[in-house]
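Novice: This one is protein27.txt, compact mmCIF, C-alpha atoms and all ligand atoms.
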# COMPACT_ATOMS: atom_id res chain seq x y z
CA MET A 790 54.88 119.81 96.99
CA TYR A 791 57.67 117.34 97.77
CA TYR A 792 59.13 113.98 96.82
CA ILE A 793 60.59 111.31 99.07
CA GLY A 794 63.92 109.77 98.04
CA ILE A 795 65.08 106.56 99.71
CA ASP A 796 68.46 104.83 99.48
CA ILE A 797 68.50 101.33 100.97
CA GLY A 798 72.03 100.00 101.43
CA GLY A 799 73.41 96.87 103.06
CA THR A 800 74.45 98.85 106.16
CA ASN A 801 72.49 102.11 106.21
CA THR A 802 69.21 103.42 104.86
CA LYS A 803 68.72 107.10 104.03
CA ILE A 804 65.40 108.84 103.59
CA GLY A 805 65.22 112.39 102.27
CA LEU A 806 62.53 114.95 101.66
CA VAL A 807 63.28 116.52 98.26
CA SER A 808 61.80 119.69 96.75
CA LYS A 809 60.76 119.93 93.10
CA ASP A 810 64.04 121.72 92.27
CA TYR A 811 66.04 118.93 93.94
CA GLN A 812 66.89 120.66 97.21
CA LEU A 813 67.35 118.15 99.99
CA ILE A 814 65.09 119.51 102.75
CA THR A 815 65.67 116.82 105.38
CA LEU A 816 67.77 113.65 105.45
CA CYS A 817 67.46 110.86 107.96
CA LYS A 818 69.95 108.00 108.13
CA PHE A 819 69.62 104.81 110.17
CA PRO A 820 71.09 101.28 110.17
CA THR A 821 69.12 99.09 107.73
CA PRO A 822 66.92 96.96 110.03
CA ASN A 823 65.88 93.34 109.37
CA ASP A 824 62.28 94.44 109.10
CA ILE A 825 63.02 97.12 106.53
CA ILE A 826 59.48 97.24 105.10
CA ASN A 827 57.83 98.28 108.35
CA ALA A 828 60.62 100.75 109.10
CA LEU A 829 60.03 102.34 105.67
CA PHE A 830 56.27 102.48 106.26
CA ASP A 831 56.81 104.32 109.57
CA GLU A 832 59.29 106.85 108.16
CA ILE A 833 57.21 107.53 105.04
CA LYS A 834 54.08 107.96 107.15
CA GLY A 835 55.87 110.53 109.30
CA LEU A 836 56.82 112.55 106.21
CA PHE A 837 53.30 112.24 104.76
CA ASN A 838 51.80 113.62 107.99
CA GLU A 839 53.72 116.87 107.69
CA ASN A 840 54.18 117.43 103.94
CA TYR A 841 52.36 117.22 100.64
CA ILE A 842 54.11 114.26 98.96
CA VAL A 843 53.58 113.52 95.26
CA GLY A 844 55.95 110.61 94.65
CA ILE A 845 58.50 108.22 96.12
CA GLY A 846 61.76 107.15 94.46
CA ILE A 847 63.78 104.29 95.92
CA GLY A 848 67.24 102.89 95.23
CA VAL A 849 68.07 99.40 96.54
CA ALA A 850 71.41 97.58 96.65
CA GLY A 851 70.56 94.67 94.37
CA LEU A 852 68.89 93.61 91.14
CA VAL A 853 65.53 95.29 90.57
CA GLY A 854 62.90 94.32 87.97
CA GLU A 855 61.14 96.83 85.74
CA ASP A 856 57.96 96.57 87.84
CA GLY A 857 59.87 97.62 90.97
CA THR A 858 60.22 94.14 92.44
CA VAL A 859 63.53 93.41 94.16
CA ILE A 860 64.74 90.32 92.29
CA GLU A 861 67.85 89.67 94.36
CA SER A 862 69.64 91.65 97.03
CA PRO A 863 72.63 89.66 98.34
CA ASN A 864 73.28 92.13 101.19
CA ILE A 865 69.62 92.67 102.21
CA PRO A 866 68.12 89.19 101.74
CA THR A 867 64.82 90.12 103.45
CA LEU A 868 64.01 92.17 100.32
CA ASN A 869 64.47 89.25 97.90
CA LYS A 870 61.40 88.85 95.65
CA ILE A 871 59.54 91.68 97.45
CA PRO A 872 57.33 93.78 95.10
CA LEU A 873 58.52 96.96 96.81
CA ALA A 874 57.04 99.53 94.40
CA SER A 875 53.54 98.06 94.46
CA LEU A 876 53.59 97.57 98.27
CA ILE A 877 54.33 101.26 98.76
CA THR A 878 51.93 102.49 96.08
CA GLU A 879 49.13 100.43 97.67
CA LYS A 880 49.83 101.83 101.12
CA PHE A 881 50.37 105.51 100.26
CA ALA A 882 48.61 105.92 96.90
CA VAL A 883 51.43 107.85 95.19
CA LYS A 884 53.62 107.08 92.20
CA THR A 885 56.56 104.94 93.38
CA ARG A 886 59.59 103.78 91.46
CA VAL A 887 62.35 101.39 92.56
CA ASP A 888 65.78 101.19 90.92
CA ASN A 889 69.20 99.81 91.70
CA ASP A 890 71.02 102.08 94.18
CA ALA A 891 74.10 102.55 91.99
CA THR A 892 71.88 103.52 89.04
CA ALA A 893 70.29 106.20 91.23
CA ALA A 894 73.68 107.45 92.44
CA THR A 895 75.00 107.54 88.84
CA ILE A 896 72.13 109.66 87.54
CA ALA A 897 72.60 112.02 90.51
CA GLU A 898 76.30 112.46 89.64
CA ALA A 899 75.45 113.15 86.00
CA ASN A 900 72.96 115.88 86.92
CA PHE A 901 74.15 117.37 90.19
CA GLY A 902 77.69 116.11 90.86
CA GLU A 903 81.11 115.27 89.47
CA GLY A 904 79.64 113.72 86.32
CA LYS A 905 78.16 117.01 85.11
CA GLY A 906 79.50 117.81 81.63
CA THR A 907 81.31 114.45 81.38
CA ASN A 908 80.59 112.27 78.39
CA ARG A 909 81.59 108.90 79.78
CA PHE A 910 82.03 108.01 83.43
CA ILE A 911 81.77 105.02 85.73
CA LEU A 912 80.47 105.31 89.26
CA LEU A 913 81.44 102.82 91.94
CA THR A 914 79.51 102.57 95.21
CA LEU A 915 81.89 101.42 97.92
CA GLY A 916 80.04 100.13 100.96
CA THR A 917 79.15 96.78 102.50
CA GLY A 918 79.30 95.53 98.90
CA ILE A 919 80.43 97.22 95.67
CA GLY A 920 78.09 98.37 92.91
CA GLY A 921 78.54 100.25 89.67
CA GLY A 922 76.87 102.49 87.13
CA PHE A 923 77.88 103.50 83.60
CA TYR A 924 76.97 106.86 82.06
CA ILE A 925 77.67 107.37 78.37
CA ASP A 926 76.63 109.91 75.71
CA GLY A 927 74.09 111.71 77.85
CA LYS A 928 72.40 108.69 79.33
CA ILE A 929 72.76 105.97 81.86
CA LEU A 930 73.34 102.53 80.45
CA ASN A 931 70.35 100.57 81.68
CA ILE A 932 72.11 97.36 82.63
CA PRO A 933 72.92 95.89 86.04
CA MET A 934 76.62 96.66 86.42
CA GLU A 935 77.64 94.27 89.16
CA ALA A 936 81.18 95.60 89.46
CA GLY A 937 81.59 93.96 92.88
CA HIS A 938 81.28 90.52 91.29
CA MET A 939 84.06 91.06 88.77
CA SER A 940 86.60 88.37 89.59
CA ILE A 941 90.10 89.65 90.33
CA ASP A 942 91.46 86.22 91.30
CA TYR A 943 90.04 83.23 89.46
CA GLN A 944 91.13 80.83 92.19
CA GLY A 945 90.36 83.26 94.97
CA LYS A 946 87.90 83.33 97.87
CA LEU A 947 84.46 81.88 97.20
CA CYS A 948 81.81 84.62 96.99
CA SER A 949 78.14 84.21 97.97
CA CYS A 950 77.29 84.63 94.26
CA GLY A 951 79.08 81.34 93.49
CA ASN A 952 82.07 82.86 91.68
CA ASN A 953 85.65 82.86 93.01
CA GLY A 954 87.72 85.93 93.78
CA CYS A 955 85.03 88.61 93.37
CA LEU A 956 86.21 92.19 93.94
CA GLU A 957 83.77 92.51 96.87
CA MET A 958 85.55 89.69 98.68
CA TYR A 959 88.68 91.87 98.93
CA ALA A 960 87.83 95.54 98.58
CA SER A 961 84.44 96.13 100.27
CA GLY A 962 83.56 97.27 103.78
CA ARG A 963 82.57 93.73 104.67
CA ALA A 964 85.89 92.38 103.33
CA ILE A 965 87.86 94.86 105.44
CA ARG A 966 85.97 93.86 108.56
CA ASP A 967 86.15 90.11 107.87
CA THR A 968 89.86 90.19 107.01
CA LEU A 969 90.74 92.05 110.22
CA ILE A 970 88.71 89.61 112.33
CA GLU A 971 90.34 86.65 110.58
CA LYS A 972 93.83 88.03 111.26
CA ILE A 973 93.04 88.67 114.92
CA GLU A 974 91.70 85.12 115.23
CA GLU A 975 95.00 83.91 113.79
CA GLY A 976 96.80 85.75 116.58
CA ALA A 977 97.79 89.04 114.95
CA ILE A 978 98.12 92.02 117.28
CA SER A 979 95.78 94.99 116.88
CA GLN A 980 94.12 97.65 119.01
CA ALA A 981 90.87 96.43 117.44
CA LYS A 982 90.97 93.49 119.84
CA SER A 983 89.97 95.69 122.77
CA LEU A 984 87.11 97.50 121.01
CA TYR A 985 83.52 96.71 122.01
CA GLU A 986 84.72 95.45 125.41
CA GLY A 987 86.79 92.76 123.75
CA ASN A 988 83.99 91.53 121.46
CA PHE A 989 85.93 92.35 118.32
CA TYR A 990 83.35 90.55 116.17
CA LYS A 991 81.28 93.73 116.45
CA ILE A 992 83.90 95.77 114.66
CA LYS A 993 82.86 97.81 111.61
CA SER A 994 84.92 98.85 108.58
CA GLU A 995 84.83 102.49 109.84
CA ASP A 996 86.54 101.34 113.06
CA VAL A 997 89.28 99.65 111.06
CA TYR A 998 89.88 102.83 109.05
CA ARG A 999 89.95 105.00 112.17
CA LEU A 1000 92.46 102.65 113.84
CA ALA A 1001 94.57 102.68 110.67
CA LEU A 1002 94.73 106.49 110.80
CA GLU A 1003 95.63 106.28 114.49
CA GLY A 1004 98.63 104.12 113.60
CA ASP A 1005 97.40 100.58 114.22
CA ASN A 1006 99.66 98.55 111.93
CA LEU A 1007 97.35 95.62 111.27
CA SER A 1008 94.40 97.92 110.44
CA ARG A 1009 96.62 99.94 108.16
CA GLN A 1010 97.80 96.84 106.34
CA VAL A 1011 94.21 95.52 105.91
CA ILE A 1012 92.93 98.87 104.56
CA LYS A 1013 95.87 99.19 102.21
CA GLU A 1014 95.40 95.67 100.80
CA ALA A 1015 91.68 96.37 100.27
CA GLY A 1016 92.62 99.57 98.44
CA LYS A 1017 95.04 97.69 96.21
CA ALA A 1018 92.33 95.16 95.38
CA LEU A 1019 89.99 98.01 94.43
CA GLY A 1020 92.77 99.34 92.21
CA VAL A 1021 92.98 95.99 90.39
CA GLY A 1022 89.23 96.14 89.75
CA MET A 1023 89.46 99.75 88.55
CA ALA A 1024 92.31 98.85 86.18
CA ASN A 1025 90.02 96.25 84.56
CA ILE A 1026 87.25 98.83 84.29
CA ILE A 1027 89.63 101.35 82.70
CA ASN A 1028 90.93 98.81 80.19
CA ILE A 1029 87.44 97.71 79.17
CA PHE A 1030 85.42 100.94 79.20
CA SER A 1031 88.05 103.68 78.98
CA PRO A 1032 86.04 106.20 81.02
CA GLU A 1033 87.00 109.87 81.37
CA LYS A 1034 86.27 109.67 85.08
CA ILE A 1035 85.70 107.09 87.78
CA ILE A 1036 83.60 108.60 90.56
CA LEU A 1037 83.77 106.88 93.94
CA THR A 1038 80.90 107.09 96.39
CA GLY A 1039 79.44 105.15 99.36
CA GLY A 1040 80.57 105.12 102.97
CA LEU A 1041 84.00 103.63 102.27
CA SER A 1042 84.94 106.46 99.90
CA ASN A 1043 85.35 108.55 103.06
CA ALA A 1044 88.51 106.50 103.63
CA LYS A 1045 90.48 108.90 101.46
CA ASN A 1046 93.95 108.29 102.80
CA ILE A 1047 95.45 104.80 102.63
CA TYR A 1048 92.44 103.07 100.97
CA LEU A 1049 91.66 105.40 98.03
CA GLU A 1050 95.28 106.41 97.73
CA ALA A 1051 96.36 102.76 97.35
CA ALA A 1052 93.48 102.09 94.94
CA ILE A 1053 94.33 104.98 92.61
CA ASN A 1054 98.06 104.14 92.59
CA GLU A 1055 97.37 100.49 91.84
CA ALA A 1056 94.85 101.27 89.07
CA LYS A 1057 97.26 103.65 87.33
CA LYS A 1058 100.11 101.15 87.68
CA ARG A 1059 98.11 98.32 86.10
CA ALA A 1060 95.84 99.81 83.44
CA LEU A 1061 97.13 100.55 79.93
CA LYS A 1062 99.16 103.74 80.06
CA GLY A 1063 97.40 105.30 77.09
CA LEU A 1064 94.11 104.99 78.95
CA THR A 1065 95.23 106.30 82.34
CA GLU A 1066 96.98 109.48 81.23
CA ASN A 1067 93.90 111.67 81.30
CA ILE A 1068 91.59 109.72 83.57
CA LYS A 1069 90.30 111.35 86.74
CA ILE A 1070 89.52 109.10 89.70
CA ILE A 1071 87.66 111.25 92.20
CA ARG A 1072 85.46 111.13 95.27
CA SER A 1073 81.83 112.10 94.97
CA GLN A 1074 80.60 115.27 96.67
CA LEU A 1075 77.19 113.57 97.07
CA ILE A 1076 78.22 110.64 99.27
CA ASP A 1077 75.16 110.92 101.54
CA SER A 1078 72.65 112.55 99.19
CA GLY A 1079 73.36 111.08 95.73
CA GLY A 1080 71.27 107.92 96.07
CA VAL A 1081 68.30 109.87 97.46
CA LEU A 1082 68.38 112.63 94.80
CA GLY A 1083 68.96 110.14 91.99
CA ALA A 1084 66.01 107.96 93.05
CA VAL A 1085 63.73 111.02 92.85
CA PHE A 1086 65.24 112.02 89.49
CA LEU A 1087 64.53 108.56 88.04
CA LEU A 1088 60.97 108.64 89.40
CA ARG A 1089 60.30 112.00 87.74
CA ASN A 1090 61.96 111.17 84.43
CA GLN A 1091 60.66 107.68 83.76
ZN ZN A 1101 80.51 87.47 93.67
Output the file's structure as structure tokens, nothing else.
Ligand SMILES: [Zn+2]
Specialist:
Amino acid sequence: MYYIGIDIGGTNTKIGLVSKDYQLITLCKFPTPNDIINALFDEIKGLFNENYIVGIGIGVAGLVGEDGTVIESPNIPTLNKIPLASLITEKFAVKTRVDNDATAATIAEANFGEGKGTNRFILLTLGTGIGGGFYIDGKILNIPMEAGHMSIDYQGKLCSCGNNGCLEMYASGRAIRDTLIEKIEEGAISQAKSLYEGNFYKIKSEDVYRLALEGDNLSRQVIKEAGKALGVGMANIINIFSPEKIILTGGLSNAKNIYLEAAINEAKKRALKGLTENIKIIRSQLIDSGGVLGAVFLLRNQ
């Protein structure tokens, strides 16, 4: 008897087969396609053919309604207004639940990860965009915590949400990529220019981080600035919520040196000293599996 956990992000989708004691049996990861619904149907069907599946839990980057309809997903617009839970229940006749991806990752941290035994923590998902979850007094706060759309510069860059200076515009994977491309277009020198046979528009945030570690100055500068921006956002979070821990997850949290280092320094420099003395800002140990395990946990504990 197994569950399927699915984590749909702006860049990658992960599908895991999960046992009833939350062991991750298999995990498959692929770039989120435009036609995500049919890709999900195919993958789920494959798992159904070989296993006895009793339920499907899904986390999606975006706002999700209580009935499992995706209300708005800025980074995966093809899912906007799609009644994802009912589509999957109709097709596979099992209980299906859809939540926000950061909510799923937060509940996974609380039960299986760095949040275990912590009374109050904030989780930030650092990927194409930035999401958040808030865990307090033994439960997850059931509100959309759109940390990526916290403004850190009220006259700053215009975000797709309509606000100016959103954290995502400076500190996310997409921001890193876009900033590097912009600087190259302006004539800055970088090894990134010769990647993808000179088509540097194909560059990904992981490439920028790798080049930064290899000593490419422009990449290093872009990653460091993005880290500082994240630190500004975290300082606001610390001042408002005073968490015991901030747990960082998502693909970008692999960029430990330069990016996270700059973020943690900046946050501690800016937040009120009394609030930063005991705070722990740490990387998740469930970067790939948290969203999948959490989605199954939410399905089983609804
Ligand atoms: Zn925004």
Novice: Just give me the gap between atom CA of A:Lys870 and atom CA of A:Glu935 in Å, one decimal is fine.
Specialist: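 Taking atom CA of A:Lys870 as the start and atom CA of A:Glu935 as the end point, the length is 18.3 Å.
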Novice: Please identify all polymer residues within 6 Å of stretch 1027-1039 of chain A, counting all atoms listed in the file, omitting same-chain residues fewer than 2 positions from it, and present them as JSON, numbers by chain.
Specialist: {"A": [909, 910, 911, 912, 913, 914, 915, 916, 1024, 1025, 1041, 1042, 1060, 1068, 1069, 1070, 1071, 1072, 1073, 1076]}
Novice: Return as number ranges by chain the residues of protein, DNA or RNA that approach ligand ZN 1101 (chain A) to within 8 Å, with only C-alpha atoms and all ligand atoms taken into account.
Specialist: A: 937-940, 947-958
Novice: Which of these, A:Val1081, A:Leu1088, A:Leu1064, A:Leu1075, has the shortest distance to A:Leu806 once you count only C-alpha atoms?
Specialist: A:Val1081
Novice: Just how far from atom CA of A:Gln1010 is atom CA of A:Lys972, in Å to one decimal?
Specialist: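 About the pair atom CA of A:Lys972 and atom CA of A:Gln1010: they are 10.8 Å apart.
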Novice: Out of A:Asp796, A:Glu855, A:Glu986, A:Glu832, which residue has the shortest atom-to-atom distance to A:Asn931 when counting only C-alpha atoms?
Specialist: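 Of all the options, A:Glu855 lies closest to A:Asn931.
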Novice: A:Lys991, A:Lys803, A:Arg966, A:Lys1058: which is nearest A:Ala1015, counting only C-alpha atoms?
Specialist: A:Arg966
Novice: For A:Ile833, which residue out of A:Arg886, A:Lys880, A:Lys1013, A:Lys1062 is the nearest one, using all atoms listed in the file?
Specialist: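 Closest residue, counting all atoms listed in the file: A:Lys880.
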Novice: Applying 12 Å and only C-alpha atoms, which residues near A:Ala977 remain after dropping the ones on its own chain fewer than 4 positions away? List them as number ranges by chain.
Specialist: A: 968-973, 981-982, 1005-1008, 1010-1011
Novice: Export C-alpha atoms of the chosen residues as a PDB file, in the coordinates of the input?
Specialist:
ATOM      1  CA  THR A 968      89.860  90.190 107.010  1.00  0.00           C
ATOM      2  CA  LEU A 969      90.740  92.050 110.220  1.00  0.00           C
ATOM      3  CA  ILE A 970      88.710  89.610 112.330  1.00  0.00           C
ATOM      4  CA  GLU A 971      90.340  86.650 110.580  1.00  0.00           C
ATOM      5  CA  LYS A 972      93.830  88.030 111.260  1.00  0.00           C
ATOM      6  CA  ILE A 973      93.040  88.670 114.920  1.00  0.00           C
ATOM      7  CA  ALA A 981      90.870  96.430 117.440  1.00  0.00           C
ATOM      8  CA  LYS A 982      90.970  93.490 119.840  1.00  0.00           C
ATOM      9  CA  ASP A1005      97.400 100.580 114.220  1.00  0.00           C
ATOM     10  CA  ASN A1006      99.660  98.550 111.930  1.00  0.00           C
ATOM     11  CA  LEU A1007      97.350  95.620 111.270  1.00  0.00           C
ATOM     12  CA  SER A1008      94.400  97.920 110.440  1.00  0.00           C
ATOM     13  CA  GLN A1010      97.800  96.840 106.340  1.00  0.00           C
ATOM     14  CA  VAL A1011      94.210  95.520 105.910  1.00  0.00           C
TER      15      VAL A1011
END
Novice: Which neighbours of A:Ile929 fall inside 9 Å, counting all atoms listed in the file, when residues of the same chain fewer than 3 positions from it are skipped, and could you give them as a PyMOL selection string?
Specialist: chain A and resi 892+895-896+899+922-926+932
Novice: Quick one: write out the picked residues with C-alpha atoms as a short mmCIF file (atom, residue, chain, number, x, y, z; two decimals), keeping the file's coordinate frame?
Specialist:
data_model
loop_
_atom_site.label_atom_id
_atom_site.label_comp_id
_atom_site.auth_asym_id
_atom_site.auth_seq_id
_atom_site.Cartn_x
_atom_site.Cartn_y
_atom_site.Cartn_z
CA THR A 892 71.88 103.52 89.04
CA THR A 895 75.00 107.54 88.84
CA ILE A 896 72.13 109.66 87.54
CA ALA A 899 75.45 113.15 86.00
CA GLY A 922 76.87 102.49 87.13
CA PHE A 923 77.88 103.50 83.60
CA TYR A 924 76.97 106.86 82.06
CA ILE A 925 77.67 107.37 78.37
CA ASP A 926 76.63 109.91 75.71
CA ILE A 932 72.11 97.36 82.63
#
Novice: Would you kindly place N, CA and C atoms on stretch 917-938 of chain A and return the model as a short mmCIF file (atom, residue, chain, number, x, y, z; two decimals), in the coordinates of the input?
Specialist:
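Wrote it out as out.cif, contents follow:
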data_model
loop_
_atom_site.label_atom_id
_atom_site.label_comp_id
_atom_site.auth_asym_id
_atom_site.auth_seq_id
_atom_site.Cartn_x
_atom_site.Cartn_y
_atom_site.Cartn_z
N THR A 917 79.14 98.17 102.06
CA THR A 917 79.15 96.78 102.50
C THR A 917 79.55 95.90 101.32
N GLY A 918 78.93 96.17 100.16
CA GLY A 918 79.30 95.53 98.90
C GLY A 918 79.80 96.62 97.94
N ILE A 919 79.98 96.25 96.68
CA ILE A 919 80.43 97.22 95.67
C ILE A 919 79.49 97.15 94.47
N GLY A 920 78.97 98.32 94.08
CA GLY A 920 78.09 98.37 92.91
C GLY A 920 78.66 99.33 91.87
N GLY A 921 78.02 99.37 90.71
CA GLY A 921 78.54 100.25 89.67
C GLY A 921 77.46 100.79 88.77
N GLY A 922 77.76 101.91 88.12
CA GLY A 922 76.87 102.49 87.13
C GLY A 922 77.70 103.07 86.00
N PHE A 923 77.14 103.06 84.78
CA PHE A 923 77.88 103.50 83.60
C PHE A 923 77.07 104.57 82.88
N TYR A 924 77.64 105.74 82.73
CA TYR A 924 76.97 106.86 82.06
C TYR A 924 77.73 107.15 80.77
N ILE A 925 77.00 107.16 79.66
CA ILE A 925 77.67 107.37 78.37
C ILE A 925 76.77 108.15 77.42
N ASP A 926 77.35 109.12 76.72
CA ASP A 926 76.63 109.91 75.71
C ASP A 926 75.29 110.46 76.21
N GLY A 927 75.30 111.05 77.36
CA GLY A 927 74.09 111.71 77.85
C GLY A 927 73.06 110.80 78.48
N LYS A 928 73.37 109.52 78.61
CA LYS A 928 72.40 108.69 79.33
C LYS A 928 73.06 107.55 80.11
N ILE A 929 72.25 107.07 81.05
CA ILE A 929 72.76 105.97 81.86
C ILE A 929 72.51 104.67 81.11
N LEU A 930 73.50 103.81 81.11
CA LEU A 930 73.34 102.53 80.45
C LEU A 930 72.47 101.65 81.36
N ASN A 931 71.33 101.26 80.83
CA ASN A 931 70.35 100.57 81.68
C ASN A 931 70.64 99.08 81.78
N ILE A 932 71.76 98.77 82.40
CA ILE A 932 72.11 97.36 82.63
C ILE A 932 72.58 97.23 84.07
N PRO A 933 72.38 96.06 84.68
CA PRO A 933 72.92 95.89 86.04
C PRO A 933 74.44 95.77 85.92
N MET A 934 75.16 96.71 86.51
CA MET A 934 76.62 96.66 86.42
C MET A 934 77.15 96.17 87.76
N GLU A 935 77.25 94.86 87.87
CA GLU A 935 77.64 94.27 89.16
C GLU A 935 79.16 94.26 89.28
N ALA A 936 79.72 95.45 89.42
CA ALA A 936 81.18 95.60 89.46
C ALA A 936 81.80 94.80 90.61
N GLY A 937 81.06 94.67 91.71
CA GLY A 937 81.59 93.96 92.88
C GLY A 937 81.81 92.47 92.62
N HIS A 938 81.15 91.95 91.59
CA HIS A 938 81.28 90.52 91.29
C HIS A 938 82.17 90.27 90.08
#
